[in-house]
$ cat upload39.txt   # compact mmCIF, C-alpha atoms
# COMPACT_ATOMS: atom_id res chain seq x y z
CA MET V 820 50.68 1.29 56.34
CA TYR V 821 48.79 -1.95 57.01
CA ASN V 822 45.68 -0.01 57.85
CA TYR V 823 45.92 1.92 54.60
CA PHE V 824 46.10 -1.31 52.57
CA THR V 825 43.10 -2.91 54.27
CA ARG V 826 41.11 0.22 53.62
CA ILE V 827 41.95 0.11 49.90
CA LEU V 828 41.16 -3.62 49.86
CA PHE V 829 37.76 -3.14 51.47
CA LEU V 830 36.98 -0.25 49.17
CA GLY V 831 37.90 -2.39 46.18
CA ALA V 832 35.83 -5.30 47.44
CA PHE V 833 32.77 -3.12 47.95
CA LEU V 834 33.22 -1.51 44.57
CA LEU V 835 33.36 -4.98 43.01
CA LEU V 836 30.26 -6.02 44.90
CA SER V 837 28.36 -2.98 43.69
CA PHE V 838 29.44 -3.70 40.15
CA THR V 839 28.13 -7.27 40.30
CA THR V 840 24.76 -6.19 41.68
CA TYR V 841 24.64 -3.44 39.05
CA ALA V 842 25.25 -6.04 36.36
CA GLN V 843 22.40 -8.13 37.68
CA ASP V 844 19.98 -5.21 37.42
CA LYS V 845 20.78 -4.72 33.77
CA VAL V 846 19.18 -6.73 31.05
CA GLU V 847 21.48 -9.43 29.81
CA MET V 848 22.92 -8.67 26.39
CA ALA V 849 25.78 -10.04 24.34
CA ASP V 850 28.12 -7.28 25.46
CA SER V 851 31.14 -9.40 26.26
CA MET V 852 30.90 -10.97 22.86
CA ARG V 853 31.16 -7.58 21.26
CA ASP V 854 33.84 -6.42 23.70
CA ASN V 855 36.29 -9.13 22.82
CA GLY V 856 35.50 -8.68 19.19
CA LYS V 857 34.01 -12.07 18.36
CA ILE V 858 30.77 -10.62 16.99
CA TYR V 859 32.76 -9.36 14.01
CA VAL V 860 33.53 -12.98 13.18
CA VAL V 861 29.81 -13.63 12.85
CA VAL V 862 29.39 -10.53 10.70
CA VAL V 863 32.19 -11.60 8.39
CA VAL V 864 30.78 -15.14 8.14
CA CYS V 865 27.33 -13.80 7.22
CA ILE V 866 28.79 -11.33 4.70
CA THR V 867 30.75 -14.20 3.13
CA ILE V 868 27.58 -16.24 2.76
CA LEU V 869 25.78 -13.22 1.32
CA ILE V 870 28.57 -12.60 -1.20
CA GLY V 871 28.57 -16.28 -2.15
CA LEU V 872 24.82 -16.25 -2.62
CA PHE V 873 24.91 -13.12 -4.77
CA VAL V 874 27.82 -14.40 -6.89
CA TYR V 875 25.81 -17.57 -7.54
CA VAL V 876 22.66 -15.66 -8.55
CA PHE V 877 24.78 -13.27 -10.62
CA ILE V 878 26.39 -16.13 -12.58
CA LEU V 879 22.97 -17.69 -13.11
CA ASP V 880 21.71 -14.34 -14.39
CA LYS V 881 24.59 -14.05 -16.87
CA LYS V 882 24.05 -17.60 -18.09
CA ILE V 883 20.38 -16.97 -18.75
CA SER V 884 21.24 -13.69 -20.49
CA ARG V 885 23.61 -15.60 -22.80
CA PHE V 886 20.86 -18.11 -23.63
CA GLU V 887 18.45 -15.29 -24.34
CA LYS V 888 20.95 -13.73 -26.76
CA ASN V 889 21.44 -17.05 -28.55
CA LYS V 890 17.71 -17.45 -28.97
CA GLU V 891 17.23 -14.13 -30.70
CA MET D 403 22.76 -8.70 -16.97
CA ARG D 404 19.66 -6.67 -17.62
CA LYS D 405 19.01 -3.54 -15.57
CA SER D 406 21.55 -4.33 -12.92
CA TRP D 407 21.36 -1.26 -10.67
CA TRP D 408 18.66 -2.66 -8.39
CA LYS D 409 20.52 -5.95 -8.10
CA ILE D 410 23.56 -4.09 -6.81
CA LEU D 411 21.27 -2.05 -4.55
CA SER D 412 19.86 -5.28 -3.14
CA PHE D 413 23.35 -6.53 -2.30
CA LEU D 414 24.36 -3.23 -0.70
CA LEU D 415 21.19 -3.07 1.38
CA LEU D 416 21.60 -6.65 2.59
CA ALA D 417 25.28 -6.10 3.42
CA TYR D 418 24.19 -3.02 5.40
CA THR D 419 21.49 -5.12 7.07
CA ILE D 420 23.99 -7.71 8.28
CA ILE D 421 26.67 -5.25 9.39
CA GLY D 422 24.27 -2.72 10.95
CA GLY D 423 21.90 -5.40 12.17
CA PHE D 424 24.60 -7.18 14.15
CA LEU D 425 26.62 -4.23 15.36
CA LEU D 426 24.33 -1.25 15.96
CA ASP D 427 22.59 -0.82 19.30
CA VAL D 428 19.18 -2.29 19.96
CA PRO D 429 16.85 -1.56 22.91
CA ARG D 430 17.56 -3.67 25.98
CA LEU D 431 14.45 -5.67 26.77
CA PRO D 432 13.97 -8.72 28.96
CA ILE D 433 13.08 -12.06 27.31
CA LEU D 434 13.89 -10.67 23.85
CA ASN D 435 17.45 -9.67 24.73
CA GLU D 436 19.73 -9.72 21.70
CA SER D 437 17.25 -11.84 19.73
CA ILE D 438 15.35 -8.70 18.68
CA ARG D 439 17.90 -8.53 15.86
CA ASN D 440 15.86 -11.33 14.26
CA LEU D 441 13.51 -8.54 13.24
CA TYR D 442 15.90 -7.70 10.38
CA PHE D 443 15.64 -11.23 9.06
CA HIS D 444 12.50 -13.05 10.22
CA VAL D 445 10.06 -10.15 9.78
CA CYS D 446 11.63 -9.19 6.45
CA MET D 447 10.81 -12.65 5.11
CA TRP D 448 7.12 -12.02 5.76
CA PHE D 449 7.22 -8.51 4.32
CA GLY D 450 8.98 -9.86 1.23
CA MET D 451 6.41 -12.65 0.97
CA MET D 452 3.56 -10.16 1.20
CA ILE D 453 5.01 -7.92 -1.53
CA LEU D 454 5.72 -10.88 -3.84
CA PHE D 455 2.20 -12.24 -3.33
CA ILE D 456 0.71 -8.83 -4.15
CA VAL D 457 2.78 -8.73 -7.36
CA SER D 458 1.64 -12.27 -8.13
CA VAL D 459 -2.06 -11.52 -7.70
CA ILE D 460 -1.72 -8.39 -9.89
CA TYR D 461 -0.28 -10.53 -12.70
CA SER D 462 -3.10 -13.05 -12.21
CA ILE D 463 -5.67 -10.29 -12.64
CA LYS D 464 -3.76 -9.05 -15.68
CA TYR D 465 -3.86 -12.56 -17.12
CA LEU D 466 -7.62 -12.81 -16.62
CA ARG D 467 -8.12 -9.49 -18.43
CA LYS D 468 -5.87 -10.05 -21.44
CA SER D 469 -5.13 -13.82 -21.49
CA ASN D 470 -1.46 -13.14 -22.15
CA HIS D 471 0.49 -16.28 -21.31
CA ARG D 472 3.45 -14.19 -20.12
CA ASN D 473 1.36 -12.88 -17.21
CA ASP D 474 0.62 -16.42 -16.06
CA ILE D 475 4.34 -17.23 -15.92
CA PHE D 476 4.98 -14.04 -13.95
CA ALA D 477 2.16 -14.78 -11.50
CA SER D 478 3.21 -18.36 -10.79
CA ASN D 479 6.88 -17.58 -10.30
CA PHE D 480 6.26 -14.63 -8.01
CA ALA D 481 3.93 -16.85 -5.99
CA ALA D 482 6.64 -19.52 -5.84
CA ILE D 483 9.30 -17.19 -4.45
CA GLY D 484 6.71 -15.63 -2.12
CA SER D 485 5.87 -19.07 -0.72
CA PHE D 486 9.56 -19.79 -0.35
CA PHE D 487 9.99 -16.59 1.68
CA GLY D 488 6.96 -17.60 3.73
CA ILE D 489 8.47 -21.00 4.53
CA LEU D 490 11.73 -19.32 5.54
CA GLY D 491 9.76 -16.89 7.72
CA TYR D 492 7.94 -19.77 9.36
CA ALA D 493 11.14 -21.73 9.96
CA THR D 494 12.94 -18.75 11.50
CA GLY D 495 9.84 -17.97 13.57
CA THR D 496 9.85 -21.43 15.12
CA ILE D 497 13.45 -20.98 16.20
CA TRP D 498 12.78 -17.52 17.63
CA ALA D 499 9.63 -18.66 19.44
CA ASN D 500 11.49 -21.61 20.92
CA TYR D 501 13.97 -19.32 22.72
CA THR D 502 11.61 -16.52 23.73
CA TRP D 503 8.14 -17.98 24.26
CA ILE D 504 8.99 -21.49 25.39
CA SER D 505 12.33 -21.18 27.23
CA ASP D 506 12.15 -17.66 28.64
CA GLN D 507 8.45 -17.00 28.97
CA ASN D 508 7.73 -20.52 30.24
CA GLN D 509 4.83 -20.96 27.88
CA SER D 510 3.68 -24.53 27.51
CA LEU D 511 3.98 -26.14 24.11
CA ALA D 512 0.18 -26.37 24.06
CA SER D 513 -0.21 -22.59 24.24
CA VAL D 514 2.34 -22.13 21.46
CA LEU D 515 0.55 -24.67 19.28
CA LYS D 516 -2.71 -22.80 19.87
CA GLU D 517 -1.03 -19.60 18.74
CA PRO D 518 -3.38 -18.00 16.16
CA LYS D 519 -0.62 -16.27 14.21
CA LEU D 520 1.14 -19.58 13.64
CA ILE D 521 -2.03 -21.40 12.65
CA GLY D 522 -3.07 -18.52 10.36
CA ALA D 523 0.31 -18.43 8.64
CA ALA D 524 0.27 -22.21 8.22
CA ILE D 525 -3.21 -22.07 6.65
CA ALA D 526 -2.11 -19.31 4.29
CA LEU D 527 1.01 -21.20 3.20
CA LEU D 528 -0.98 -24.43 2.71
CA ILE D 529 -3.49 -22.56 0.53
CA TYR D 530 -0.59 -21.34 -1.60
CA GLY D 531 0.79 -24.89 -1.60
CA ALA D 532 -2.51 -26.03 -3.10
CA TYR D 533 -2.02 -23.40 -5.83
CA PHE D 534 1.00 -25.30 -7.09
CA VAL D 535 -0.76 -28.67 -6.75
CA LEU D 536 -3.57 -27.23 -8.85
CA ARG D 537 -1.16 -25.93 -11.48
CA GLY D 538 0.64 -29.24 -11.66
CA SER D 539 -2.56 -31.22 -12.08
CA ILE D 540 -3.84 -29.43 -15.20
CA THR D 541 -2.01 -30.26 -18.42
CA ASP D 542 -3.81 -27.90 -20.76
CA ILE D 543 -1.80 -24.65 -20.73
CA ASP D 544 -4.70 -22.22 -21.17
CA LYS D 545 -6.98 -23.98 -18.73
CA ARG D 546 -4.15 -24.18 -16.20
CA ALA D 547 -3.43 -20.48 -16.53
CA ARG D 548 -7.09 -19.49 -16.18
CA VAL D 549 -7.97 -21.79 -13.26
CA SER D 550 -4.80 -21.00 -11.34
CA ALA D 551 -5.24 -17.25 -11.89
CA VAL D 552 -8.70 -17.43 -10.32
CA TYR D 553 -7.37 -19.62 -7.51
CA ASN D 554 -4.50 -17.20 -6.91
CA ILE D 555 -7.00 -14.41 -6.27
CA PHE D 556 -8.83 -16.65 -3.81
CA ALA D 557 -5.55 -17.57 -2.11
CA PHE D 558 -4.65 -13.90 -1.74
CA ALA D 559 -8.09 -13.12 -0.36
CA MET D 560 -7.63 -15.86 2.24
CA LEU D 561 -4.15 -14.62 3.12
CA ILE D 562 -5.43 -11.29 4.44
CA PRO D 563 -7.75 -12.62 7.19
CA SER D 564 -5.57 -15.58 8.12
CA ILE D 565 -2.37 -13.64 8.81
CA TRP D 566 -3.50 -10.03 9.25
CA VAL D 567 -6.97 -9.99 10.74
CA ILE D 568 -7.68 -13.08 12.86
CA PRO D 569 -4.43 -13.04 14.91
CA ARG D 570 -5.26 -9.44 15.83
CA LEU D 571 -8.77 -10.23 17.00
CA VAL D 572 -7.91 -13.07 19.37
CA GLY D 573 -5.23 -13.29 22.04
CA SER D 574 -1.77 -14.05 20.77
CA LEU D 575 1.79 -14.25 22.01
CA HIS D 576 2.96 -12.72 18.78
CA PRO D 577 3.39 -8.91 18.65
CA GLY D 578 0.33 -7.18 17.24
CA ALA D 579 -2.16 -9.04 19.41
CA PRO D 580 -4.86 -7.20 21.36
CA GLY D 581 -3.37 -6.00 24.63
CA SER D 582 -0.08 -4.92 23.15
CA ASP D 583 0.06 -1.21 22.28
CA SER D 584 0.23 -1.71 18.58
CA GLY D 585 -1.89 -2.40 15.59
CA ASN D 586 1.00 -3.43 13.44
CA PRO D 587 4.20 -4.06 15.42
CA ALA D 588 6.55 -3.39 12.52
CA LEU D 589 4.90 -0.18 11.31
CA ASN D 590 3.50 1.38 14.51
CA SER D 591 5.79 4.07 15.90
CA ASN D 592 5.11 3.07 19.52
CA ASP D 593 6.27 -0.44 18.98
CA MET D 594 9.64 -0.19 17.32
CA ALA D 595 12.58 1.99 18.34
CA ALA D 596 13.74 4.56 15.79
CA SER D 597 17.24 3.07 15.95
CA MET D 598 15.85 -0.17 14.57
CA ARG D 599 13.84 1.45 11.80
CA ILE D 600 16.95 2.69 10.00
CA ILE D 601 17.97 -0.92 9.51
CA PHE D 602 14.57 -2.58 9.27
CA TYR D 603 13.19 -0.67 6.27
CA PRO D 604 16.33 -0.99 4.13
CA ALA D 605 16.37 -4.68 5.11
CA VAL D 606 12.81 -5.16 3.85
CA ILE D 607 13.69 -3.51 0.53
CA GLY D 608 16.92 -5.52 0.22
CA TRP D 609 15.30 -8.91 0.88
CA THR D 610 12.37 -8.12 -1.40
CA LEU D 611 14.69 -7.10 -4.24
CA LEU D 612 16.61 -10.36 -3.82
CA GLY D 613 13.31 -12.25 -4.06
CA VAL D 614 12.33 -10.30 -7.16
CA TRP D 615 15.72 -11.04 -8.71
CA ILE D 616 15.38 -14.79 -8.16
CA ALA D 617 11.79 -14.66 -9.44
CA THR D 618 12.85 -12.86 -12.64
CA LEU D 619 15.55 -15.51 -13.21
CA LYS D 620 12.92 -18.24 -12.96
CA ILE D 621 10.59 -16.29 -15.25
CA ARG D 622 13.28 -15.78 -17.90
CA LEU D 623 14.17 -19.47 -17.76
CA GLN D 624 10.51 -20.41 -18.19
CA LEU D 625 10.11 -18.01 -21.11
CA LEU D 626 13.21 -19.53 -22.76
CA LYS D 627 11.80 -23.03 -22.28
CA ASP D 628 8.48 -22.03 -23.79
CA LYS D 629 10.23 -20.42 -26.77
CA THR D 630 12.17 -23.61 -27.45
CA LEU D 631 8.97 -25.63 -27.25
CA ILE D 632 7.20 -23.41 -29.75
CA ASN D 633 10.18 -23.32 -32.12
CA VAL D 634 10.46 -27.12 -32.10
$ encode --input "upload39.txt" --output "structure tokens"
Amino acid sequence: MYNYFTRILFLGAFLLLSFTTYAQDKVEMADSMRDNGKIYVVVVVCITILIGLFVYVFILDKKISRFEKNKE
Amino acid sequence: MRKSWWKILSFLLLAYTIIGGFLLDVPRLPILNESIRNLYFHVCMWFGMMILFIVSVIYSIKYLRKSNHRNDIFASNFAAIGSFFGILGYATGTIWANYTWISDQNQSLASVLKEPKLIGAAIALLIYGAYFVLRGSITDIDKRARVSAVYNIFAFAMLIPSIWVIPRLVGSLHPGAPGSDSGNPALNSNDMAASMRIIFYPAVIGWTLLGVWIATLKIRLQLLKDKTLINV
């Protein structure tokens, strides 16, 4: 029984080791950020800014349109 | 709201740019890493600037042919938003260069300051800056329109060698330099992955449309002001 456990443990340890070396070979990217979902926070923040910006320009557009109508 | 469909299109394209630009896959490359996503923002500023400057110079030529004051207003406001896009492109470029050229490529600050693309872009923006100084310094409306229209053509003619030609003749850290496989890094098919094109081109259109929208607002405001002046 003991033997069996040590075998599993060693296998696990080696697997882990191979994973870490594999990770080092790869180019570093923001994977973990996307895995735990935080990148969506950034997307939502940027979309919010974009919506705010467009609402502002839209209101400006309407205001100018109103002035143009008054002038005619 | 006049002709609003392209304004809505601009918003949709930019929303797509942010969502797709942050979430879709990009090629895994050393040094650049995730920062390649800046392509959807930094490069689009320069493309937008280029398109707005082309529109501006067309209106300047139109002014010189017909002397219609409207064309002068169009030319100056498109140049203004184009310069604004250029400044934004420059600012975002400094940030990007700081984390790729200086930190990760271990380039010295001296080599970055010698960078021909940066110097060329700075010269081009300063020439356009002088366009507005020139406009502001002439009080006579007709003379201002005529002189600045001629200057605008000169500024556009200087823009081409300073940002397109010279950086491609001499060594440069910026993509598009001799030694890299491309003539134009954003348009050459060897230099940008297809997965990035599907976001990059809509992004260029979206940002440009936003610039055109803001420019038309400024133009309409200027036209209103001029009308009030004439009526009074």
$ residues_near_point --input "upload39.txt" --point "(-1.4, -25.2, -2.5)" --cutoff "12 Å" --atoms "all atoms listed in the file" --output "PyMOL selection string"
chain D and resi 478+481-482+485+524-539+550+553-554+556-558
$ write_last_selection --input "upload39.txt" --atoms "C-alpha atoms" --output "mmCIF file, in the frame of the given file"
data_model
loop_
_atom_site.group_PDB
_atom_site.id
_atom_site.type_symbol
_atom_site.label_atom_id
_atom_site.label_comp_id
_atom_site.auth_asym_id
_atom_site.auth_seq_id
_atom_site.Cartn_x
_atom_site.Cartn_y
_atom_site.Cartn_z
ATOM 1 C CA SER D 478 3.210 -18.360 -10.790
ATOM 2 C CA ALA D 481 3.930 -16.850 -5.990
ATOM 3 C CA ALA D 482 6.640 -19.520 -5.840
ATOM 4 C CA SER D 485 5.870 -19.070 -0.720
ATOM 5 C CA ALA D 524 0.270 -22.210 8.220
ATOM 6 C CA ILE D 525 -3.210 -22.070 6.650
ATOM 7 C CA ALA D 526 -2.110 -19.310 4.290
ATOM 8 C CA LEU D 527 1.010 -21.200 3.200
ATOM 9 C CA LEU D 528 -0.980 -24.430 2.710
ATOM 10 C CA ILE D 529 -3.490 -22.560 0.530
ATOM 11 C CA TYR D 530 -0.590 -21.340 -1.600
ATOM 12 C CA GLY D 531 0.790 -24.890 -1.600
ATOM 13 C CA ALA D 532 -2.510 -26.030 -3.100
ATOM 14 C CA TYR D 533 -2.020 -23.400 -5.830
ATOM 15 C CA PHE D 534 1.000 -25.300 -7.090
ATOM 16 C CA VAL D 535 -0.760 -28.670 -6.750
ATOM 17 C CA LEU D 536 -3.570 -27.230 -8.850
ATOM 18 C CA ARG D 537 -1.160 -25.930 -11.480
ATOM 19 C CA GLY D 538 0.640 -29.240 -11.660
ATOM 20 C CA SER D 539 -2.560 -31.220 -12.080
ATOM 21 C CA SER D 550 -4.800 -21.000 -11.340
ATOM 22 C CA TYR D 553 -7.370 -19.620 -7.510
ATOM 23 C CA ASN D 554 -4.500 -17.200 -6.910
ATOM 24 C CA PHE D 556 -8.830 -16.650 -3.810
ATOM 25 C CA ALA D 557 -5.550 -17.570 -2.110
ATOM 26 C CA PHE D 558 -4.650 -13.900 -1.740
#
$ closest_residue --input "upload39.txt" --among "D:Ile607, D:Val567, D:Ala617, D:Leu454" --to "chain V" --atoms "all atoms listed in the file"
D:Ala617
$ closest_atom_pairs --input "upload39.txt" --of "chain V" --to "chain D" --cutoff "10 Å" --atoms "only C-alpha atoms" --output "tab-separated table"
residue	atom	partner	partner_atom	distance
V:Lys845	CA	D:Arg430	CA	8.5
V:Val846	CA	D:Pro432	CA	6.0
V:Glu847	CA	D:Asn435	CA	6.5
V:Met848	CA	D:Glu436	CA	5.8
V:Ala849	CA	D:Glu436	CA	6.6
V:Asp850	CA	D:Glu436	CA	9.5
V:Arg853	CA	D:Leu425	CA	8.2
V:Ile858	CA	D:Phe424	CA	7.6
V:Tyr859	CA	D:Leu425	CA	8.1
V:Val861	CA	D:Phe424	CA	8.4
V:Val862	CA	D:Ile421	CA	6.1
V:Val863	CA	D:Ile421	CA	8.5
V:Cys865	CA	D:Ile420	CA	7.0
V:Ile866	CA	D:Ala417	CA	6.4
V:Thr867	CA	D:Ala417	CA	9.8
V:Leu869	CA	D:Ala417	CA	7.4
V:Ile870	CA	D:Phe413	CA	8.1
V:Leu872	CA	D:Phe413	CA	9.8
V:Phe873	CA	D:Phe413	CA	7.2
V:Val876	CA	D:Ile616	CA	7.3
V:Phe877	CA	D:Met403	CA	8.1
V:Ile878	CA	D:Met403	CA	9.4
V:Leu879	CA	D:Leu619	CA	7.7
V:Asp880	CA	D:Met403	CA	6.3
V:Lys881	CA	D:Met403	CA	5.7
V:Lys882	CA	D:Met403	CA	9.1
V:Ile883	CA	D:Leu623	CA	6.8
V:Ser884	CA	D:Met403	CA	6.3
V:Arg885	CA	D:Met403	CA	9.1
V:Phe886	CA	D:Leu626	CA	7.8
V:Glu887	CA	D:Leu626	CA	6.9
V:Lys890	CA	D:Leu626	CA	7.9
$ residues_around --input "upload39.txt" --residues "D:Val514" --least-positions-apart "4" --cutoff "10 Å" --atoms "all atoms listed in the file" --output "JSON, numbers by chain"
{"D": [496, 499, 500, 503, 504, 509, 510, 518, 519, 520, 521, 574, 575, 576]}
$ closest_residue --input "upload39.txt" --among "D:Arg472, D:Thr502, D:Trp448, D:Ser513" --to "D:Phe486" --atoms "all atoms listed in the file"
D:Trp448
$ atom_distance --input "upload39.txt" --atom1 "atom CA of D:Asn473" --atom2 "atom CA of D:Arg548"
10.8 Å
$ atom_distance --input "upload39.txt" --atom1 "atom CA of D:Trp566" --atom2 "atom CA of D:Gly488"
14.0 Å
$ closest_residue --input "upload39.txt" --among "D:Asn479, D:Thr494, D:Ser462, D:Thr541" --to "D:Tyr442" --atoms "only C-alpha atoms"
D:Thr494
$ closest_residue --input "upload39.txt" --among "D:Leu411, D:Ala596, D:Ala547, D:Ile497" --to "D:Asp427" --atoms "all atoms listed in the file"
D:Ala596
$ atom_distance --input "upload39.txt" --atom1 "atom CA of D:Met451" --atom2 "atom CA of D:Leu611"
11.2 Å
